[in-house]
$ cat data32.cif   # mmCIF, C-alpha atoms (C1' of nucleotides)
data_data
#
loop_
_atom_site.label_atom_id
_atom_site.label_comp_id
_atom_site.auth_asym_id
_atom_site.auth_seq_id
_atom_site.Cartn_x
_atom_site.Cartn_y
_atom_site.Cartn_z
CA MET A 1 103.31 87.95 79.56
CA PRO A 2 104.61 86.56 82.78
CA LYS A 3 108.34 86.95 82.67
CA LEU A 4 110.23 85.20 85.39
CA GLY A 5 111.93 86.92 88.28
CA MET A 6 109.42 89.71 88.38
CA GLU A 7 109.13 89.81 92.14
CA PRO A 8 111.98 92.18 93.02
CA ILE A 9 111.11 94.47 90.12
CA ARG A 10 107.47 94.60 91.08
CA ARG A 11 108.24 95.21 94.71
CA ALA A 12 110.61 98.04 93.88
CA ALA A 13 108.08 99.57 91.52
CA LEU A 14 105.43 99.42 94.19
CA VAL A 15 107.68 101.01 96.77
CA ASP A 16 108.56 103.87 94.43
CA ALA A 17 104.96 104.34 93.44
CA THR A 18 103.92 104.43 97.07
CA ILE A 19 106.34 107.21 97.92
CA VAL A 20 105.32 109.29 94.92
CA GLU A 21 101.65 108.72 95.57
CA ILE A 22 101.86 109.61 99.24
CA GLY A 23 104.01 112.60 98.49
CA GLN A 24 101.58 113.93 95.93
CA ALA A 25 98.45 113.21 97.87
CA GLY A 26 99.90 114.53 101.12
CA THR A 27 98.05 111.91 103.05
CA LEU A 28 97.99 108.23 103.85
CA ASP A 29 94.53 108.01 102.41
CA ILE A 30 95.64 106.49 99.19
CA THR A 31 94.32 103.23 97.89
CA VAL A 32 96.23 100.15 96.97
CA SER A 33 94.70 100.50 93.52
CA GLN A 34 96.25 103.93 93.09
CA ILE A 35 99.67 102.63 94.03
CA ALA A 36 99.32 99.59 91.83
CA LYS A 37 98.12 101.64 88.91
CA ARG A 38 101.05 103.99 89.13
CA ALA A 39 103.37 101.01 89.37
CA GLY A 40 101.74 99.60 86.26
CA MET A 41 99.98 96.57 87.64
CA SER A 42 96.72 95.42 89.14
CA SER A 43 95.89 95.86 92.78
CA ALA A 44 95.62 92.12 93.10
CA LEU A 45 99.25 91.79 92.14
CA ALA A 46 100.26 94.29 94.75
CA HIS A 47 98.46 92.21 97.32
CA HIS A 48 100.18 89.17 95.92
CA TYR A 49 103.68 90.49 96.42
CA PHE A 50 103.06 92.24 99.68
CA GLY A 51 100.87 90.90 102.40
CA GLY A 52 98.69 93.98 102.55
CA LYS A 53 98.60 97.72 102.56
CA GLU A 54 100.52 98.16 105.77
CA ASP A 55 103.34 96.01 104.47
CA ILE A 56 103.60 98.20 101.37
CA PHE A 57 103.83 101.28 103.56
CA ALA A 58 106.42 99.67 105.78
CA ALA A 59 108.52 98.71 102.77
CA ALA A 60 108.34 102.23 101.40
CA MET A 61 109.38 103.63 104.74
CA ARG A 62 112.22 101.19 105.01
CA HIS A 63 113.36 102.31 101.60
CA ILE A 64 113.43 105.98 102.51
CA LEU A 65 115.19 105.25 105.77
CA SER A 66 117.79 103.11 104.11
CA ASP A 67 118.47 105.76 101.48
CA LEU A 68 119.03 108.30 104.19
CA GLN A 69 121.27 105.92 106.05
CA LYS A 70 123.34 105.23 102.95
CA GLU A 71 123.63 108.93 102.30
CA ALA A 72 124.89 109.59 105.81
CA GLN A 73 127.26 106.65 105.75
CA GLY A 74 128.79 107.79 102.47
CA ARG A 75 129.34 111.32 103.69
CA LEU A 76 130.78 110.17 106.98
CA LYS A 77 133.45 108.21 105.15
CA THR A 78 135.13 111.31 103.79
CA ALA A 79 134.83 113.38 106.95
CA GLU A 80 138.10 113.81 108.79
CA THR A 81 137.38 115.99 111.79
CA ALA A 82 134.65 115.65 114.38
CA LEU A 83 133.04 118.86 113.25
CA ALA A 84 133.05 117.66 109.67
CA ARG A 85 131.31 114.49 110.79
CA VAL A 86 128.50 116.43 112.41
CA ARG A 87 128.15 118.58 109.33
CA ALA A 88 128.12 115.48 107.16
CA ILE A 89 125.22 114.04 109.12
CA ILE A 90 123.29 117.28 108.83
CA ASP A 91 123.99 117.55 105.12
CA ALA A 92 122.87 113.99 104.60
CA CYS A 93 119.46 114.98 105.93
CA PHE A 94 119.15 117.86 103.51
CA THR A 95 120.10 116.56 100.13
CA PRO A 96 118.04 118.20 97.40
CA VAL A 97 116.38 114.91 96.56
CA GLY A 98 115.52 114.15 100.15
CA PHE A 99 114.18 117.65 100.50
CA ASP A 100 111.90 117.32 97.51
CA PRO A 101 108.36 118.15 98.60
CA VAL A 102 107.20 114.68 97.69
CA ASN A 103 109.77 113.04 99.92
CA VAL A 104 109.27 115.50 102.73
CA ASN A 105 105.60 114.81 102.57
CA ALA A 106 106.05 111.08 102.65
CA TRP A 107 108.47 111.44 105.51
CA MET A 108 106.06 113.43 107.62
CA ILE A 109 103.23 111.10 106.86
CA PHE A 110 105.30 108.15 107.97
CA TYR A 111 105.92 109.95 111.19
CA VAL A 112 102.24 110.09 111.84
CA GLN A 113 101.78 106.55 110.60
CA SER A 114 104.18 105.42 113.31
CA ARG A 115 101.50 106.27 115.86
CA THR A 116 99.29 103.55 114.51
CA SER A 117 101.47 100.96 112.86
CA VAL A 118 103.83 98.91 114.98
CA LYS A 119 106.05 98.23 112.01
CA ALA A 120 106.36 101.90 111.13
CA ARG A 121 107.03 102.73 114.74
CA ARG A 122 109.81 100.20 115.02
CA LEU A 123 111.48 101.42 111.85
CA LEU A 124 111.37 105.03 112.95
CA ARG A 125 112.71 104.12 116.36
CA ILE A 126 115.68 102.40 114.79
CA TYR A 127 116.35 105.39 112.58
CA HIS A 128 116.12 107.78 115.48
CA ARG A 129 118.44 105.77 117.62
CA ARG A 130 120.96 105.55 114.83
CA LEU A 131 120.80 109.26 114.09
CA HIS A 132 121.16 110.10 117.75
CA SER A 133 124.03 107.73 118.18
CA ASN A 134 125.80 109.09 115.11
CA LEU A 135 125.34 112.66 116.24
CA CYS A 136 126.44 111.90 119.76
CA HIS A 137 129.53 110.15 118.62
CA ALA A 138 130.51 112.99 116.31
CA LEU A 139 129.71 115.64 118.89
CA ARG A 140 131.51 114.08 121.81
CA PRO A 141 134.93 115.59 121.10
CA ILE A 142 133.64 119.07 120.43
CA SER A 143 130.55 119.57 122.55
CA ALA A 144 130.20 120.04 126.27
CA ASN A 145 126.81 118.33 126.21
CA PRO A 146 126.86 115.89 123.33
CA GLU A 147 123.66 114.17 124.42
CA ALA A 148 121.62 117.33 124.71
CA ASP A 149 123.05 118.89 121.59
CA ALA A 150 122.37 115.76 119.60
CA GLU A 151 118.76 115.79 120.64
CA THR A 152 118.43 119.46 119.89
CA LEU A 153 119.86 119.00 116.42
CA ALA A 154 117.68 116.01 115.75
CA ALA A 155 114.59 117.94 116.77
CA LEU A 156 115.67 120.91 114.70
CA ILE A 157 116.17 118.76 111.61
CA ASP A 158 112.72 117.27 111.94
CA GLY A 159 111.23 120.67 112.62
CA ILE A 160 112.76 122.11 109.49
CA TYR A 161 111.33 119.20 107.55
CA LEU A 162 107.95 119.85 109.03
CA HIS A 163 108.05 123.49 108.05
CA GLN A 164 109.11 122.54 104.58
CA ALA A 165 106.21 120.13 104.34
CA LEU A 166 103.86 122.96 105.11
CA SER A 167 105.38 125.86 103.27
CA GLU A 168 106.66 124.18 100.12
CA THR A 169 109.10 127.05 99.80
CA GLY A 170 112.75 127.12 100.72
CA SER A 171 115.63 125.08 99.41
CA ALA A 172 117.64 122.22 100.80
CA ALA A 173 120.71 124.43 100.91
CA ASN A 174 118.81 127.00 102.90
CA ALA A 175 117.60 124.40 105.37
CA ALA A 176 121.06 122.94 105.78
CA ALA A 177 122.48 126.40 106.35
CA ARG A 178 119.98 126.99 109.11
CA ALA A 179 120.89 123.76 110.84
CA HIS A 180 124.59 124.53 110.51
CA GLY A 181 123.98 127.93 111.98
CA VAL A 182 122.40 126.46 115.06
CA LEU A 183 125.24 124.00 115.36
CA ASP A 184 127.71 126.89 115.32
CA ALA A 185 125.72 128.73 117.95
CA LEU A 186 125.46 125.61 120.07
CA LEU A 187 129.17 124.92 119.96
CA GLY A 188 130.07 128.56 120.45
CA THR A 189 128.33 128.84 123.77
CA ALA A 190 129.09 125.37 125.10
CA GLN A 191 129.87 125.97 128.71
CA MET B 192 64.11 116.49 125.91
CA PRO B 193 65.12 119.17 123.52
CA LYS B 194 66.30 122.06 125.60
CA LEU B 195 66.81 125.26 123.72
CA GLY B 196 70.15 126.82 122.97
CA MET B 197 71.89 123.50 122.67
CA GLU B 198 73.92 124.46 119.65
CA PRO B 199 76.96 126.06 121.31
CA ILE B 200 77.07 123.34 123.95
CA ARG B 201 76.91 120.58 121.39
CA ARG B 202 79.52 122.19 119.20
CA ALA B 203 81.90 122.62 122.11
CA ALA B 204 81.36 119.04 123.19
CA LEU B 205 82.08 117.81 119.70
CA VAL B 206 85.25 119.86 119.45
CA ASP B 207 86.53 118.55 122.76
CA ALA B 208 85.62 115.00 121.85
CA THR B 209 87.39 115.34 118.53
CA ILE B 210 90.65 116.41 120.13
CA VAL B 211 90.55 113.64 122.69
CA GLU B 212 89.63 111.05 120.11
CA ILE B 213 92.33 112.10 117.67
CA GLY B 214 94.87 112.32 120.44
CA GLN B 215 94.09 108.85 121.68
CA ALA B 216 93.86 107.21 118.30
CA GLY B 217 96.96 108.96 116.99
CA THR B 218 95.42 109.23 113.58
CA LEU B 219 92.77 111.07 111.61
CA ASP B 220 91.09 107.78 110.87
CA ILE B 221 88.40 108.27 113.42
CA THR B 222 84.76 108.14 112.56
CA VAL B 223 82.16 110.78 113.11
CA SER B 224 80.29 108.19 115.12
CA GLN B 225 83.20 107.82 117.52
CA ILE B 226 83.36 111.56 118.05
CA ALA B 227 79.63 111.86 118.46
CA LYS B 228 79.51 108.95 120.86
CA ARG B 229 82.21 110.45 123.05
CA ALA B 230 80.37 113.76 122.97
CA GLY B 231 77.21 111.97 124.01
CA MET B 232 75.06 112.31 120.94
CA SER B 233 74.23 110.63 117.69
CA SER B 234 76.35 110.98 114.59
CA ALA B 235 73.40 112.52 112.81
CA LEU B 236 73.41 115.36 115.30
CA ALA B 237 77.07 115.97 114.71
CA HIS B 238 76.35 116.29 111.04
CA HIS B 239 73.48 118.57 111.86
CA TYR B 240 75.57 121.08 113.79
CA PHE B 241 78.61 120.89 111.58
CA GLY B 242 78.46 120.58 107.86
CA GLY B 243 80.55 117.45 107.77
CA LYS B 244 83.59 115.69 109.07
CA GLU B 245 86.06 118.21 107.73
CA ASP B 246 84.25 121.06 109.41
CA ILE B 247 84.46 119.27 112.73
CA PHE B 248 88.20 118.85 112.28
CA ALA B 249 88.61 122.48 111.30
CA ALA B 250 86.69 123.62 114.36
CA ALA B 251 88.84 121.46 116.61
CA MET B 252 91.95 122.86 115.06
CA ARG B 253 90.72 126.41 115.41
CA HIS B 254 90.10 125.66 119.07
CA ILE B 255 93.61 124.42 119.71
CA LEU B 256 95.10 127.32 117.81
CA SER B 257 93.05 129.86 119.67
CA ASP B 258 94.02 128.36 123.01
CA LEU B 259 97.64 128.64 122.09
CA GLN B 260 97.14 132.19 120.94
CA LYS B 261 95.44 133.13 124.16
CA GLU B 262 98.22 131.54 126.15
CA ALA B 263 100.86 133.50 124.28
CA GLN B 264 98.93 136.74 124.51
CA GLY B 265 98.51 136.37 128.24
CA ARG B 266 102.15 135.70 128.84
CA LEU B 267 103.25 138.54 126.60
CA LYS B 268 101.24 140.97 128.69
CA THR B 269 103.48 140.56 131.72
CA ALA B 270 106.77 140.48 129.84
CA GLU B 271 108.80 143.63 130.23
CA THR B 272 112.01 143.13 128.28
CA ALA B 273 112.47 141.90 124.74
CA LEU B 274 114.17 138.75 125.93
CA ALA B 275 111.33 138.09 128.31
CA ARG B 276 108.90 138.40 125.43
CA VAL B 277 110.73 135.79 123.41
CA ARG B 278 110.83 133.48 126.39
CA ALA B 279 107.15 134.07 126.98
CA ILE B 280 106.34 132.98 123.45
CA ILE B 281 108.42 129.85 123.83
CA ASP B 282 106.88 129.03 127.18
CA ALA B 283 103.42 129.49 125.76
CA CYS B 284 104.18 126.68 123.32
CA PHE B 285 105.23 124.32 126.06
CA THR B 286 102.62 124.53 128.74
CA PRO B 287 102.10 121.16 130.42
CA VAL B 288 98.58 120.94 129.07
CA GLY B 289 99.63 121.77 125.54
CA PHE B 290 102.39 119.23 125.82
CA ASP B 291 100.06 116.48 126.90
CA PRO B 292 100.51 113.51 124.55
CA VAL B 293 96.93 113.78 123.44
CA ASN B 294 97.31 117.40 122.42
CA VAL B 295 100.68 116.88 120.83
CA ASN B 296 99.22 114.06 118.85
CA ALA B 297 96.27 116.09 117.69
CA TRP B 298 98.58 118.93 116.81
CA MET B 299 100.79 116.80 114.61
CA ILE B 300 97.84 115.20 112.94
CA PHE B 301 96.44 118.59 112.10
CA TYR B 302 99.73 119.43 110.52
CA VAL B 303 99.35 116.53 108.19
CA GLN B 304 95.69 117.31 107.66
CA SER B 305 96.72 120.72 106.37
CA ARG B 306 98.14 119.02 103.32
CA THR B 307 94.71 117.89 102.28
CA SER B 308 92.21 120.29 103.74
CA VAL B 309 92.16 123.87 102.56
CA LYS B 310 90.54 124.97 105.77
CA ALA B 311 93.17 123.34 107.91
CA ARG B 312 95.88 124.77 105.73
CA ARG B 313 94.54 128.29 106.03
CA LEU B 314 94.28 128.04 109.80
CA LEU B 315 97.80 126.74 110.18
CA ARG B 316 99.13 129.44 107.87
CA ILE B 317 97.53 132.11 110.01
CA TYR B 318 98.98 130.62 113.15
CA HIS B 319 102.43 130.38 111.61
CA ARG B 320 102.40 133.91 110.41
CA ARG B 321 101.31 135.12 113.80
CA LEU B 322 103.97 133.13 115.61
CA HIS B 323 106.63 134.33 113.23
CA SER B 324 105.53 137.91 113.54
CA ASN B 325 105.46 137.70 117.32
CA LEU B 326 108.89 136.15 117.47
CA CYS B 327 110.33 138.63 115.01
CA HIS B 328 108.97 141.55 116.88
CA ALA B 329 110.34 140.32 120.17
CA LEU B 330 113.70 139.40 118.68
CA ARG B 331 114.32 142.58 116.76
CA PRO B 332 115.94 144.51 119.61
CA ILE B 333 118.19 141.66 120.69
CA SER B 334 119.02 139.64 117.62
CA ALA B 335 121.26 140.45 114.69
CA ASN B 336 119.05 138.37 112.39
CA PRO B 337 115.54 138.46 113.83
CA GLU B 338 113.99 136.94 110.72
CA ALA B 339 116.31 133.97 110.56
CA ASP B 340 116.30 133.38 114.30
CA ALA B 341 112.53 133.51 114.39
CA GLU B 342 112.28 130.85 111.74
CA THR B 343 114.87 128.71 113.45
CA LEU B 344 113.02 128.91 116.73
CA ALA B 345 109.70 128.16 115.09
CA ALA B 346 111.16 125.12 113.38
CA LEU B 347 112.77 123.99 116.59
CA ILE B 348 109.53 124.27 118.51
CA ASP B 349 107.70 122.17 115.97
CA GLY B 350 110.55 119.68 115.87
CA ILE B 351 110.46 119.23 119.61
CA TYR B 352 106.72 118.64 119.38
CA LEU B 353 107.28 116.06 116.70
CA HIS B 354 109.81 114.21 118.80
CA GLN B 355 107.46 114.30 121.71
CA ALA B 356 104.71 112.87 119.58
CA LEU B 357 106.92 109.95 118.74
CA SER B 358 108.70 109.29 121.98
CA GLU B 359 105.98 110.02 124.51
CA THR B 360 108.73 110.68 127.04
CA GLY B 361 110.04 114.01 128.24
CA SER B 362 108.30 116.82 130.00
CA ALA B 363 107.11 120.22 128.95
CA ALA B 364 109.68 121.83 131.21
CA ASN B 365 112.40 119.82 129.58
CA ALA B 366 111.27 120.80 126.12
CA ALA B 367 111.05 124.46 127.05
CA ALA B 368 114.51 124.30 128.55
CA ARG B 369 115.89 122.94 125.30
CA ALA B 370 114.30 125.72 123.30
CA HIS B 371 115.58 128.34 125.73
CA GLY B 372 119.03 126.85 125.46
CA VAL B 373 119.04 127.26 121.71
CA LEU B 374 117.80 130.80 122.09
CA ASP B 375 120.71 131.56 124.39
CA ALA B 376 123.15 130.03 121.96
CA LEU B 377 121.62 131.91 119.07
CA LEU B 378 121.80 135.25 120.82
CA GLY B 379 125.26 134.58 122.17
CA THR B 380 126.83 134.17 118.77
CA ALA B 381 124.82 136.70 116.88
CA GLN B 382 127.31 138.43 114.66
"C1'" DT C 383 45.10 125.58 121.02
"C1'" DT C 384 47.52 125.44 116.85
"C1'" DT C 385 51.62 126.30 114.42
"C1'" DT C 386 56.31 126.79 113.96
"C1'" DT C 387 60.90 126.13 115.33
"C1'" DT C 388 64.59 123.51 117.55
"C1'" DA C 389 66.51 119.17 119.04
"C1'" DT C 390 67.32 114.55 118.20
"C1'" DT C 391 67.83 109.93 116.39
"C1'" DG C 392 67.28 105.27 113.91
"C1'" DA C 393 67.36 103.60 109.68
"C1'" DT C 394 69.22 103.76 105.33
"C1'" DC C 395 71.54 104.77 101.03
"C1'" DC C 396 75.60 104.95 98.52
"C1'" DG C 397 80.24 104.81 97.67
"C1'" DT C 398 84.72 103.04 98.60
"C1'" DC C 399 88.24 99.93 99.47
"C1'" DA C 400 91.14 96.01 101.33
"C1'" DG C 401 91.56 91.61 100.51
"C1'" DT C 402 90.35 87.00 98.09
"C1'" DC C 403 89.81 83.74 94.37
"C1'" DA C 404 89.37 81.39 90.33
"C1'" DA C 405 90.85 81.57 85.82
"C1'" DT C 406 94.41 82.49 82.20
"C1'" DT C 407 98.78 82.95 80.19
"C1'" DT C 408 103.58 82.07 79.81
"C1'" DC C 409 107.76 79.90 81.00
"C1'" DC C 410 110.89 76.03 82.52
"C1'" DG C 411 112.45 71.50 83.87
"C1'" DG C 412 112.06 66.76 82.85
"C1'" DC D 413 105.58 67.83 74.86
"C1'" DC D 414 103.71 68.03 79.32
"C1'" DG D 415 102.88 69.21 84.07
"C1'" DG D 416 103.92 72.35 87.48
"C1'" DA D 417 105.36 76.87 88.97
"C1'" DA D 418 105.34 81.80 88.40
"C1'" DA D 419 102.82 85.89 86.81
"C1'" DT D 420 98.78 88.31 86.27
"C1'" DT D 421 94.15 89.97 86.32
"C1'" DG D 422 88.97 90.78 86.42
"C1'" DA D 423 85.47 90.02 89.22
"C1'" DC D 424 83.70 89.58 93.59
"C1'" DT D 425 82.72 90.29 98.61
"C1'" DG D 426 82.31 91.86 103.01
"C1'" DA D 427 82.77 95.63 105.84
"C1'" DC D 428 82.73 100.19 107.00
"C1'" DG D 429 81.70 104.99 107.13
"C1'" DG D 430 79.91 109.59 105.65
"C1'" DA D 431 75.95 111.69 104.66
"C1'" DT D 432 70.83 112.08 104.33
"C1'" DC D 433 66.10 111.87 105.69
"C1'" DA D 434 61.93 111.04 107.65
"C1'" DA D 435 59.98 110.81 111.99
"C1'" DT D 436 59.40 112.12 116.93
"C1'" DA D 437 59.39 115.11 120.89
"C1'" DA D 438 59.37 119.31 123.20
"C1'" DA D 439 59.48 124.17 123.65
"C1'" DA D 440 58.14 128.76 121.93
"C1'" DA D 441 55.28 131.71 119.33
"C1'" DA D 442 50.87 133.04 117.57
#
$ encode --input "data32.cif" --output "structure tokens"
Amino acid sequence: MPKLGMEPIRRAALVDATIVEIGQAGTLDITVSQIAKRAGMSSALAHHYFGGKEDIFAAAMRHILSDLQKEAQGRLKTAETALARVRAIIDACFTPVGFDPVNVNAWMIFYVQSRTSVKARRLLRIYHRRLHSNLCHALRPISANPEADAETLAALIDGIYLHQALSETGSAANAAARAHGVLDALLGTAQ
Amino acid sequence: MPKLGMEPIRRAALVDATIVEIGQAGTLDITVSQIAKRAGMSSALAHHYFGGKEDIFAAAMRHILSDLQKEAQGRLKTAETALARVRAIIDACFTPVGFDPVNVNAWMIFYVQSRTSVKARRLLRIYHRRLHSNLCHALRPISANPEADAETLAALIDGIYLHQALSETGSAANAAARAHGVLDALLGTAQ
DNA sequence: TTTTTTATTGATCCGTCAGTCAATTTCCGG
DNA sequence: CCGGAAATTGACTGACGGATCAATAAAAAA
């Protein structure tokens, strides 16, 4: 039943399946067959549409990153003040969907993957730079050390994710509140 | 040349080799043969002294955790004030040796490993609880929300590690300074 | 000295998995 | 209606790695 124009559909299905599979397994040790099966196709087809396993992973990572980016961009649009912009960036990182254990898991795994895969590393670098730049820009009018505070917040966000990945308890709202709290503290004592 | 009493020596060598190997590779995808080779023995011997691959990993993790614990314990001994105790705990997490890329790498990998391995998970849980309890105890006299602040600091510490694992730049002193800065901010605005 | 225990390894089995390929089915343009 | 392109898969392979085991060597015990 080969319908035409299957490529984008198949690719999207594979990307989704990859994220779910990684998130559930909690490891990168998942087979192409598993992914393909969940996406409803043969492993050969997965290899057909992507070059290989690493390319599937990279595509999945790109997808997560781009979602996060879109989220942040959307929230930044409606933010008027500098403080609101910082909060918008933080909130974008802690949407309930992005904080879903499966996504958190996938996220952390990609982090580790970036140690091995050049593609993953490059993608993560880009994301980091963008996050840092966004934070810096938003912090500049209200922080005495925008650079340092941006890095602190970025580290904190990732750390909260990491804890979430391990504990599987705690809500997105809770996590966001914690980050906001630190932001308050940081701005309060800016010397 | 079988000398007697080799077991503890071999086990220690394997644990050390595992940490180095994981740290260098930046992934858990290392073979028992690699570890054994670095430790100067055959893979069969590694299997002989440990039950299997997972046990080797668990032992390596236990080793890292216990080092960290010892470090913290030692520093806590000489701390007089509550604030000094908190700082001691933070500093224990950022010793130059513990912040060595290889160790950071291994540490992060173990985090991920805890998603799959029950043993790893249990070990990490114990460590987390201990860290949290230590932080809480030290924070109680000086913080309005010891519980929350302890969790924030714990998350921050892990986040800084994560960033280090990715960037490979930045020093232990720098990282510690960042954590201390957040602590100051947190305590300064405690309401 | 003989036996048992500890140390040690090469060879090997077995399973898994990424990637390839040839074959098949369906669709579309000419 | 026909030939090529797209879609799709089952079967295969080549490699790798964890685990096992039988065999050897040396030290300790008997």
$ resolve_selection --input "data32.cif" --expression "the PyMOL selection byres ((chain B) within 9 of (chain D))" --output "PyMOL selection string"
chain B and resi 192-195+222-224+235+238+243-244
$ resolve_selection --input "data32.cif" --expression "the PyMOL selection byres ((chain A and resi 167) around 10)" --output "list in words"
Pro101, Tyr161, Leu162, His163, Gln164, Ala165, Leu166, Glu168, Thr169 and Gly170 of chain A; Arg306, Arg312, Arg316 and His319 of chain B
$ residues_around --input "data32.cif" --residues "Asn134 (chain A)" --least-positions-apart "4" --cutoff "12 Å" --atoms "only C-alpha atoms (C1' of nucleotides)" --output "VMD selection string"
chain A and resid 69 72 to 73 76 82 85 to 90 92 127 to 130 138 to 140 146 to 147 150 to 151 153 to 154
$ resolve_selection --input "data32.cif" --expression "the PyMOL selection byres ((chain C) within 7 of (chain B))" --output "PDB file with C-alpha atoms (C1' of nucleotides), in the coordinates of the input"
ATOM      1  C1'  DT C 388      64.590 123.510 117.550  1.00  0.00           C
ATOM      2  C1'  DA C 389      66.510 119.170 119.040  1.00  0.00           C
ATOM      3  C1'  DT C 390      67.320 114.550 118.200  1.00  0.00           C
ATOM      4  C1'  DT C 391      67.830 109.930 116.390  1.00  0.00           C
TER       5       DT C 391
END
$ interface_residues --input "data32.cif" --of "chain A" --to "chain B" --cutoff "7 Å" --atoms "all atoms listed in the file" --output "list in words"
Gly26, Thr27, Ile109, Val112, Arg115, Thr116, Thr152, Ala155, Leu156, Asp158, Gly159, Ile160, His163, Arg178, Val182, Ala185, Leu186, Gly188 and Thr189 of chain A
$ atom_distance --input "data32.cif" --atom1 "CA of Ala106 (chain A)" --atom2 "CA of Arg253 (chain B)"
25.2 Å
$ build_atoms --input "data32.cif" --residues "region 83-99 of chain A" --atoms "N, CA and C atoms" --output "PDB file, in the coordinates of the input"
ATOM      1  N   LEU A  83     133.983 117.863 113.729  1.00  0.00           N
ATOM      2  CA  LEU A  83     133.040 118.860 113.250  1.00  0.00           C
ATOM      3  C   LEU A  83     132.534 118.500 111.850  1.00  0.00           C
ATOM      4  N   ALA A  84     133.442 118.052 111.026  1.00  0.00           N
ATOM      5  CA  ALA A  84     133.050 117.660 109.670  1.00  0.00           C
ATOM      6  C   ALA A  84     132.065 116.504 109.720  1.00  0.00           C
ATOM      7  N   ARG A  85     132.235 115.633 110.678  1.00  0.00           N
ATOM      8  CA  ARG A  85     131.310 114.490 110.790  1.00  0.00           C
ATOM      9  C   ARG A  85     129.906 114.975 111.139  1.00  0.00           C
ATOM     10  N   VAL A  86     129.820 115.900 112.061  1.00  0.00           N
ATOM     11  CA  VAL A  86     128.500 116.430 112.410  1.00  0.00           C
ATOM     12  C   VAL A  86     127.867 117.092 111.192  1.00  0.00           C
ATOM     13  N   ARG A  87     128.673 117.886 110.510  1.00  0.00           N
ATOM     14  CA  ARG A  87     128.150 118.580 109.330  1.00  0.00           C
ATOM     15  C   ARG A  87     127.714 117.573 108.263  1.00  0.00           C
ATOM     16  N   ALA A  88     128.470 116.505 108.153  1.00  0.00           N
ATOM     17  CA  ALA A  88     128.120 115.480 107.160  1.00  0.00           C
ATOM     18  C   ALA A  88     126.753 114.882 107.472  1.00  0.00           C
ATOM     19  N   ILE A  89     126.515 114.624 108.733  1.00  0.00           N
ATOM     20  CA  ILE A  89     125.220 114.040 109.120  1.00  0.00           C
ATOM     21  C   ILE A  89     124.098 115.018 108.801  1.00  0.00           C
ATOM     22  N   ILE A  90     124.310 116.272 109.136  1.00  0.00           N
ATOM     23  CA  ILE A  90     123.290 117.280 108.830  1.00  0.00           C
ATOM     24  C   ILE A  90     123.040 117.351 107.333  1.00  0.00           C
ATOM     25  N   ASP A  91     124.144 117.430 106.575  1.00  0.00           N
ATOM     26  CA  ASP A  91     123.990 117.550 105.120  1.00  0.00           C
ATOM     27  C   ASP A  91     123.261 116.343 104.536  1.00  0.00           C
ATOM     28  N   ALA A  92     123.512 115.196 105.112  1.00  0.00           N
ATOM     29  CA  ALA A  92     122.870 113.990 104.600  1.00  0.00           C
ATOM     30  C   ALA A  92     121.350 114.102 104.721  1.00  0.00           C
ATOM     31  N   CYS A  93     120.909 114.824 105.723  1.00  0.00           N
ATOM     32  CA  CYS A  93     119.460 114.980 105.930  1.00  0.00           C
ATOM     33  C   CYS A  93     118.859 115.981 104.960  1.00  0.00           C
ATOM     34  N   PHE A  94     119.706 116.796 104.359  1.00  0.00           N
ATOM     35  CA  PHE A  94     119.150 117.860 103.510  1.00  0.00           C
ATOM     36  C   PHE A  94     119.676 117.807 102.083  1.00  0.00           C
ATOM     37  N   THR A  95     119.774 116.634 101.546  1.00  0.00           N
ATOM     38  CA  THR A  95     120.100 116.560 100.130  1.00  0.00           C
ATOM     39  C   THR A  95     118.898 117.075  99.343  1.00  0.00           C
ATOM     40  N   PRO A  96     119.163 117.669  98.197  1.00  0.00           N
ATOM     41  CA  PRO A  96     118.040 118.200  97.400  1.00  0.00           C
ATOM     42  C   PRO A  96     116.964 117.142  97.153  1.00  0.00           C
ATOM     43  N   VAL A  97     117.377 115.938  96.861  1.00  0.00           N
ATOM     44  CA  VAL A  97     116.380 114.910  96.560  1.00  0.00           C
ATOM     45  C   VAL A  97     115.566 114.559  97.800  1.00  0.00           C
ATOM     46  N   GLY A  98     116.244 114.467  98.926  1.00  0.00           N
ATOM     47  CA  GLY A  98     115.520 114.150 100.150  1.00  0.00           C
ATOM     48  C   GLY A  98     114.636 115.292 100.600  1.00  0.00           C
ATOM     49  N   PHE A  99     114.938 116.474 100.096  1.00  0.00           N
ATOM     50  CA  PHE A  99     114.180 117.650 100.500  1.00  0.00           C
ATOM     51  C   PHE A  99     113.081 117.980  99.493  1.00  0.00           C
TER      52      PHE A  99
END
